[in-house]
$ cat work_0.cif   # mmCIF, C-alpha atoms and all ligand atoms
data_run
#
loop_
_atom_site.label_atom_id
_atom_site.label_comp_id
_atom_site.auth_asym_id
_atom_site.auth_seq_id
_atom_site.Cartn_x
_atom_site.Cartn_y
_atom_site.Cartn_z
CA MET A 1 -23.85 42.04 47.19
CA LYS A 2 -24.87 42.76 43.59
CA ASN A 3 -22.38 40.15 42.41
CA LEU A 4 -23.75 37.57 44.84
CA LYS A 5 -27.29 38.22 43.59
CA LYS A 6 -26.12 37.92 40.00
CA GLN A 7 -24.23 34.70 40.74
CA VAL A 8 -27.27 33.02 42.28
CA GLY A 9 -29.56 34.27 39.50
CA ILE A 10 -27.29 32.66 36.92
CA GLU A 11 -27.09 29.44 38.99
CA ALA A 12 -30.88 29.12 39.19
CA ALA A 13 -31.23 29.50 35.42
CA LYS A 14 -29.48 26.12 35.10
CA TYR A 15 -32.70 24.52 36.41
CA VAL A 16 -34.61 25.82 33.37
CA LYS A 17 -35.28 23.22 30.66
CA ASP A 18 -36.49 23.58 27.08
CA GLY A 19 -40.29 23.66 26.78
CA MET A 20 -40.98 24.72 30.36
CA ILE A 21 -43.69 27.09 31.55
CA LEU A 22 -41.74 29.34 33.90
CA GLY A 23 -42.78 31.64 36.74
CA LEU A 24 -40.62 34.75 36.96
CA GLY A 25 -40.22 36.35 40.39
CA THR A 26 -39.78 39.98 41.33
CA GLY A 27 -36.89 41.93 42.86
CA SER A 28 -33.23 42.61 42.24
CA THR A 29 -32.13 38.96 42.59
CA ALA A 30 -34.95 37.59 40.44
CA SER A 31 -34.10 40.16 37.76
CA PHE A 32 -30.66 38.55 37.32
CA PHE A 33 -32.42 35.21 36.84
CA VAL A 34 -34.69 36.75 34.20
CA GLU A 35 -31.67 38.20 32.43
CA GLU A 36 -29.92 34.84 32.33
CA VAL A 37 -33.06 33.02 31.15
CA ALA A 38 -33.34 35.55 28.32
CA ARG A 39 -29.70 34.94 27.39
CA ARG A 40 -30.34 31.17 27.22
CA VAL A 41 -33.48 31.72 25.11
CA ARG A 42 -31.44 33.83 22.71
CA GLU A 43 -28.27 31.79 22.53
CA GLU A 44 -29.54 28.24 23.11
CA LYS A 45 -32.85 28.79 21.32
CA LEU A 46 -34.85 27.51 24.29
CA SER A 47 -38.59 27.53 23.74
CA LEU A 48 -40.24 28.86 26.90
CA THR A 49 -43.41 30.51 28.07
CA ALA A 50 -43.34 32.64 31.20
CA VAL A 51 -45.80 34.02 33.70
CA THR A 52 -44.67 37.08 35.64
CA THR A 53 -45.28 38.10 39.25
CA SER A 54 -45.39 41.88 38.75
CA SER A 55 -45.68 44.59 36.13
CA VAL A 56 -41.99 45.38 36.66
CA THR A 57 -40.90 41.82 35.86
CA GLN A 58 -43.32 41.69 32.95
CA ALA A 59 -41.76 44.82 31.44
CA GLN A 60 -38.26 43.40 31.93
CA ALA A 61 -39.12 39.98 30.46
CA GLU A 62 -40.89 41.50 27.44
CA SER A 63 -38.03 43.88 26.76
CA LEU A 64 -35.66 40.89 26.74
CA GLY A 65 -37.81 38.91 24.30
CA ILE A 66 -39.24 36.27 26.66
CA THR A 67 -42.69 35.03 25.60
CA ILE A 68 -45.29 35.92 28.27
CA SER A 69 -48.56 34.09 28.95
CA SER A 70 -51.43 35.20 31.12
CA LEU A 71 -51.97 33.13 34.23
CA ASP A 72 -55.50 32.30 33.11
CA SER A 73 -54.30 30.65 29.91
CA ILE A 74 -52.27 27.93 31.66
CA ASP A 75 -53.10 25.19 34.20
CA PHE A 76 -49.77 24.91 35.97
CA ILE A 77 -46.23 26.25 36.02
CA ASP A 78 -43.24 23.89 35.80
CA LEU A 79 -40.83 26.05 37.77
CA THR A 80 -40.94 29.42 39.49
CA VAL A 81 -37.81 31.16 40.67
CA ASP A 82 -38.19 34.13 43.00
CA GLY A 83 -36.28 36.15 45.57
CA VAL A 84 -36.97 36.17 49.30
CA ASP A 85 -36.49 38.69 52.11
CA GLU A 86 -35.78 36.20 54.92
CA PHE A 87 -35.90 32.41 55.20
CA ASP A 88 -35.51 30.12 58.21
CA PRO A 89 -34.20 26.55 58.65
CA ASP A 90 -37.65 25.09 57.70
CA LEU A 91 -37.54 27.09 54.45
CA ALA A 92 -40.40 29.27 55.62
CA GLY A 93 -39.93 32.82 54.46
CA ILE A 94 -41.01 36.43 54.35
CA LYS A 95 -41.61 37.93 50.94
CA GLY A 96 -43.05 41.16 49.60
CA GLY A 97 -40.20 43.59 50.08
CA GLY A 98 -40.81 44.61 46.49
CA GLY A 99 -44.57 44.81 47.01
CA ALA A 100 -45.45 41.86 44.77
CA LEU A 101 -46.39 39.29 47.42
CA LEU A 102 -49.95 38.64 46.23
CA MET A 103 -49.05 37.82 42.63
CA GLU A 104 -45.94 36.00 43.84
CA LYS A 105 -47.99 33.75 46.11
CA ILE A 106 -50.61 33.01 43.43
CA VAL A 107 -47.88 32.03 40.96
CA ALA A 108 -45.98 29.99 43.58
CA ASN A 109 -49.17 28.14 44.46
CA ILE A 110 -49.57 26.61 41.00
CA SER A 111 -45.87 25.86 40.49
CA LYS A 112 -44.70 22.24 40.49
CA ASP A 113 -41.25 23.39 41.55
CA TYR A 114 -40.60 26.59 43.46
CA ILE A 115 -37.12 27.92 44.18
CA TRP A 116 -35.94 30.94 46.16
CA ILE A 117 -32.68 32.62 45.32
CA ALA A 118 -30.84 34.99 47.63
CA ASP A 119 -27.53 36.18 48.90
CA GLU A 120 -26.56 34.64 52.22
CA SER A 121 -27.72 37.67 54.26
CA LYS A 122 -31.32 36.45 53.84
CA GLN A 123 -30.74 33.28 55.88
CA VAL A 124 -31.99 33.69 59.50
CA ASP A 125 -32.63 31.45 62.51
CA GLN A 126 -36.03 33.02 63.19
CA LEU A 127 -38.31 35.09 60.95
CA GLY A 128 -39.46 38.58 61.84
CA HIS A 129 -36.54 40.95 61.70
CA PHE A 130 -37.65 41.93 58.18
CA PRO A 131 -41.00 43.80 58.39
CA LEU A 132 -43.85 41.50 57.37
CA PRO A 133 -45.81 42.94 54.40
CA VAL A 134 -49.59 42.63 54.56
CA GLU A 135 -51.57 43.53 51.43
CA VAL A 136 -54.95 45.07 52.31
CA VAL A 137 -57.92 46.41 50.36
CA GLN A 138 -58.09 50.20 50.32
CA PHE A 139 -61.60 50.25 51.78
CA GLY A 140 -61.27 50.28 55.56
CA ALA A 141 -57.48 50.16 55.48
CA GLU A 142 -57.10 52.78 58.24
CA LEU A 143 -59.23 50.61 60.54
CA LEU A 144 -57.00 47.63 59.88
CA PHE A 145 -53.93 49.76 60.54
CA LYS A 146 -55.40 50.74 63.95
CA LYS A 147 -56.25 47.13 64.70
CA PHE A 148 -52.66 46.04 64.00
CA LYS A 149 -51.41 48.88 66.22
CA GLN A 150 -53.66 47.78 69.09
CA LYS A 151 -52.27 44.27 68.75
CA GLY A 152 -48.75 45.66 69.16
CA TYR A 153 -47.69 44.73 65.62
CA GLN A 154 -46.06 48.15 65.04
CA PRO A 155 -47.52 48.77 61.59
CA SER A 156 -46.26 51.26 59.03
CA TRP A 157 -47.66 52.16 55.61
CA ARG A 158 -45.61 51.13 52.62
CA LEU A 159 -44.90 54.39 50.77
CA ASN A 160 -43.79 55.14 47.22
CA PHE A 161 -41.03 57.57 46.15
CA GLU A 162 -43.48 60.49 46.48
CA GLU A 163 -44.13 59.45 50.11
CA GLU A 164 -47.70 58.52 49.23
CA LYS A 165 -49.22 55.16 50.07
CA PHE A 166 -47.76 52.53 47.74
CA ILE A 167 -50.39 50.89 45.52
CA THR A 168 -49.75 47.32 44.38
CA ASP A 169 -50.28 45.98 40.86
CA GLN A 170 -53.66 44.68 42.07
CA LYS A 171 -54.55 48.15 43.46
CA HIS A 172 -54.21 47.44 47.18
CA PHE A 173 -52.21 49.06 50.00
CA ILE A 174 -49.42 47.39 51.96
CA ILE A 175 -49.04 47.61 55.73
CA ASP A 176 -45.64 46.46 57.02
CA LEU A 177 -45.63 44.85 60.48
CA HIS A 178 -42.45 45.46 62.48
CA LEU A 179 -42.55 42.39 64.66
CA GLY A 180 -38.89 41.90 65.56
CA LYS A 181 -39.37 38.17 65.78
CA ILE A 182 -42.18 35.79 64.87
CA ASP A 183 -42.47 32.98 67.42
CA ASN A 184 -45.18 31.04 65.62
CA ALA A 185 -45.36 31.82 61.90
CA GLN A 186 -48.15 29.28 61.26
CA ARG A 187 -50.37 30.88 63.89
CA LEU A 188 -49.73 34.41 62.64
CA ALA A 189 -50.38 33.32 59.03
CA PHE A 190 -53.68 31.77 60.11
CA GLU A 191 -54.66 34.92 62.03
CA LEU A 192 -53.91 37.16 59.04
CA ASP A 193 -55.72 34.78 56.68
CA GLN A 194 -58.81 35.17 58.89
CA THR A 195 -58.64 38.98 59.05
CA ILE A 196 -61.28 40.64 56.89
CA GLY A 197 -59.73 43.21 54.56
CA VAL A 198 -56.39 41.40 54.38
CA VAL A 199 -55.88 40.17 50.83
CA GLU A 200 -52.59 38.35 51.45
CA HIS A 201 -49.53 38.43 53.68
CA GLY A 202 -45.86 37.83 53.09
CA LEU A 203 -45.50 34.64 55.13
CA PHE A 204 -44.70 31.84 52.68
CA ILE A 205 -44.80 28.58 54.63
CA ASN A 206 -44.26 25.11 53.11
CA MET A 207 -43.98 26.56 49.65
CA ALA A 208 -40.30 26.72 48.68
CA LYS A 209 -38.80 23.34 47.81
CA HIS A 210 -35.26 24.62 47.40
CA VAL A 211 -33.38 27.73 48.39
CA ILE A 212 -30.17 28.58 46.56
CA ILE A 213 -27.90 31.11 48.23
CA SER A 214 -24.64 32.67 47.23
CA GLY A 215 -22.04 33.80 49.70
CA GLU A 216 -18.35 34.37 50.15
CA ASN A 217 -17.85 30.59 50.04
CA GLY A 218 -19.83 30.05 46.84
CA ILE A 219 -23.23 28.54 46.13
CA LYS A 220 -25.21 26.50 48.66
CA VAL A 221 -28.53 24.68 48.09
CA PHE A 222 -31.07 23.93 50.84
CA GLU A 223 -33.72 21.31 50.15
CA LYS A 224 -37.08 20.85 51.85
O1 LIG A 301 -40.62 39.43 47.56
C1 LIG A 301 -40.08 40.15 46.76
C2 LIG A 301 -40.80 41.18 45.98
O2 LIG A 301 -42.13 41.31 46.40
C3 LIG A 301 -38.63 39.99 46.48
O3 LIG A 301 -38.42 38.75 45.92
C4 LIG A 301 -37.87 40.15 47.77
O4 LIG A 301 -38.17 41.42 48.29
C5 LIG A 301 -36.35 40.04 47.54
O5 LIG A 301 -35.89 41.13 46.79
P1 LIG A 301 -34.38 41.34 46.42
O6 LIG A 301 -33.98 40.18 45.56
O7 LIG A 301 -34.37 42.65 45.66
O8 LIG A 301 -33.58 41.40 47.69
#

$ encode --input "work_0.cif" --output "structure tokens"
Amino acid sequence: MKNLKKQVGIEAAKYVKDGMILGLGTGSTASFFVEEVARRVREEKLSLTAVTTSSVTQAQAESLGITISSLDSIDFIDLTVDGVDEFDPDLAGIKGGGGALLMEKIVANISKDYIWIADESKQVDQLGHFPLPVEVVQFGAELLFKKFKQKGYQPSWRLNFEEEKFITDQKHFIIDLHLGKIDNAQRLAFELDQTIGVVEHGLFINMAKHVIISGENGIKVFEK
């Protein structure tokens, strides 16, 4: 699995061109991409600026010598490469397994090109087996949790290693919805978008233009 993630991370770095403003995703697969980009910067002397999607990725990129910009100092991103927890045949996906969905979605939204990278286990026919992360403000979060429970969404709190509520980089909580399957992702996304107290959710619809996966039979690219 680790090798497959590494393979696809290295493959995606081939899409990076000199002079680009890059968006760097979060997670174990994206971290291989970041590593390979750093290698190309070092060895091929690429001149790049990057925006990161989490404090973890920022620390990694800085430690590897990649130049970081703040999101507010740029107008667009040429290419963002990120991981994904599940994606379906329409290239709709669930993200946020690493708790970075809000920053990931903001960065994706201003990216001219947006690629997901994954091992083949992330490819599904229907979304929903992976718990859907919902980032919520701390104020009134228990009420939202109850509301999701009443709706039958089987919520659970995202916890950290100390078994306390996980706090995101933007200081929110995450509630994971254990839905089993999502029959209408558009409708659910709309409903969550309309829910007061919800900052963002992990449904990424019509955002990824390509998905690159690695499997036992090599690399495969899906295009939107
Ligand atoms: O959305 C994410 C983080 O918020 C990750 O990209 C997603 O969870 C995939 O992670 P991994 O590559 O470790 O399987």

$ residues_near_ligand --input "work_0.cif" --ligand "ligand LIG 301 (chain A)" --cutoff "8 Å" --atoms "all atoms listed in the file" --output "PyMOL selection string"
chain A and resi 5+25-31+82-85+94-101+104+117-118+202

$ closest_residue --input "work_0.cif" --among "A:Gln138, A:Asn109, A:Thr67, A:Gln123" --to "Ile205 of chain A" --atoms "only C-alpha atoms"
A:Asn109

$ closest_atom_pairs --input "work_0.cif" --of "segment 34-87 of chain A" --to "segment 12-17 of chain A" --cutoff "8 Å" --atoms "all atoms listed in the file" --output "Markdown table"
| residue | atom | partner | partner_atom | distance |
| --- | --- | --- | --- | --- |
| A:Glu36 | CA | A:Ala13 | CA | 6.3 |
| A:Val37 | CA | A:Ala13 | CA | 5.8 |
| A:Leu46 | CA | A:Lys17 | CA | 7.7 |
| A:Leu79 | CA | A:Val16 | CA | 7.6 |
| A:Val81 | CA | A:Ala12 | CA | 7.4 |

$ atom_distance --input "work_0.cif" --atom1 "atom CA of Ile21 of chain A" --atom2 "atom CA of Val51 of chain A"
7.6 Å

$ residues_near_point --input "work_0.cif" --point "(-42.0, 33.6, 58.4)" --cutoff "6 Å" --atoms "only C-alpha atoms" --output "PDB file with C-alpha atoms, in the coordinates of the input"
ATOM      1  CA  ALA A  92     -40.400  29.270  55.620  1.00  0.00           C
ATOM      2  CA  GLY A  93     -39.930  32.820  54.460  1.00  0.00           C
ATOM      3  CA  ILE A  94     -41.010  36.430  54.350  1.00  0.00           C
ATOM      4  CA  LEU A 127     -38.310  35.090  60.950  1.00  0.00           C
ATOM      5  CA  ALA A 185     -45.360  31.820  61.900  1.00  0.00           C
ATOM      6  CA  LEU A 203     -45.500  34.640  55.130  1.00  0.00           C
TER       7      LEU A 203
END

$ closest_residue --input "work_0.cif" --among "A:Glu164, A:Asp90, A:Glu11, A:Glu135" --to "Gly197 of chain A" --atoms "all atoms listed in the file"
A:Glu135
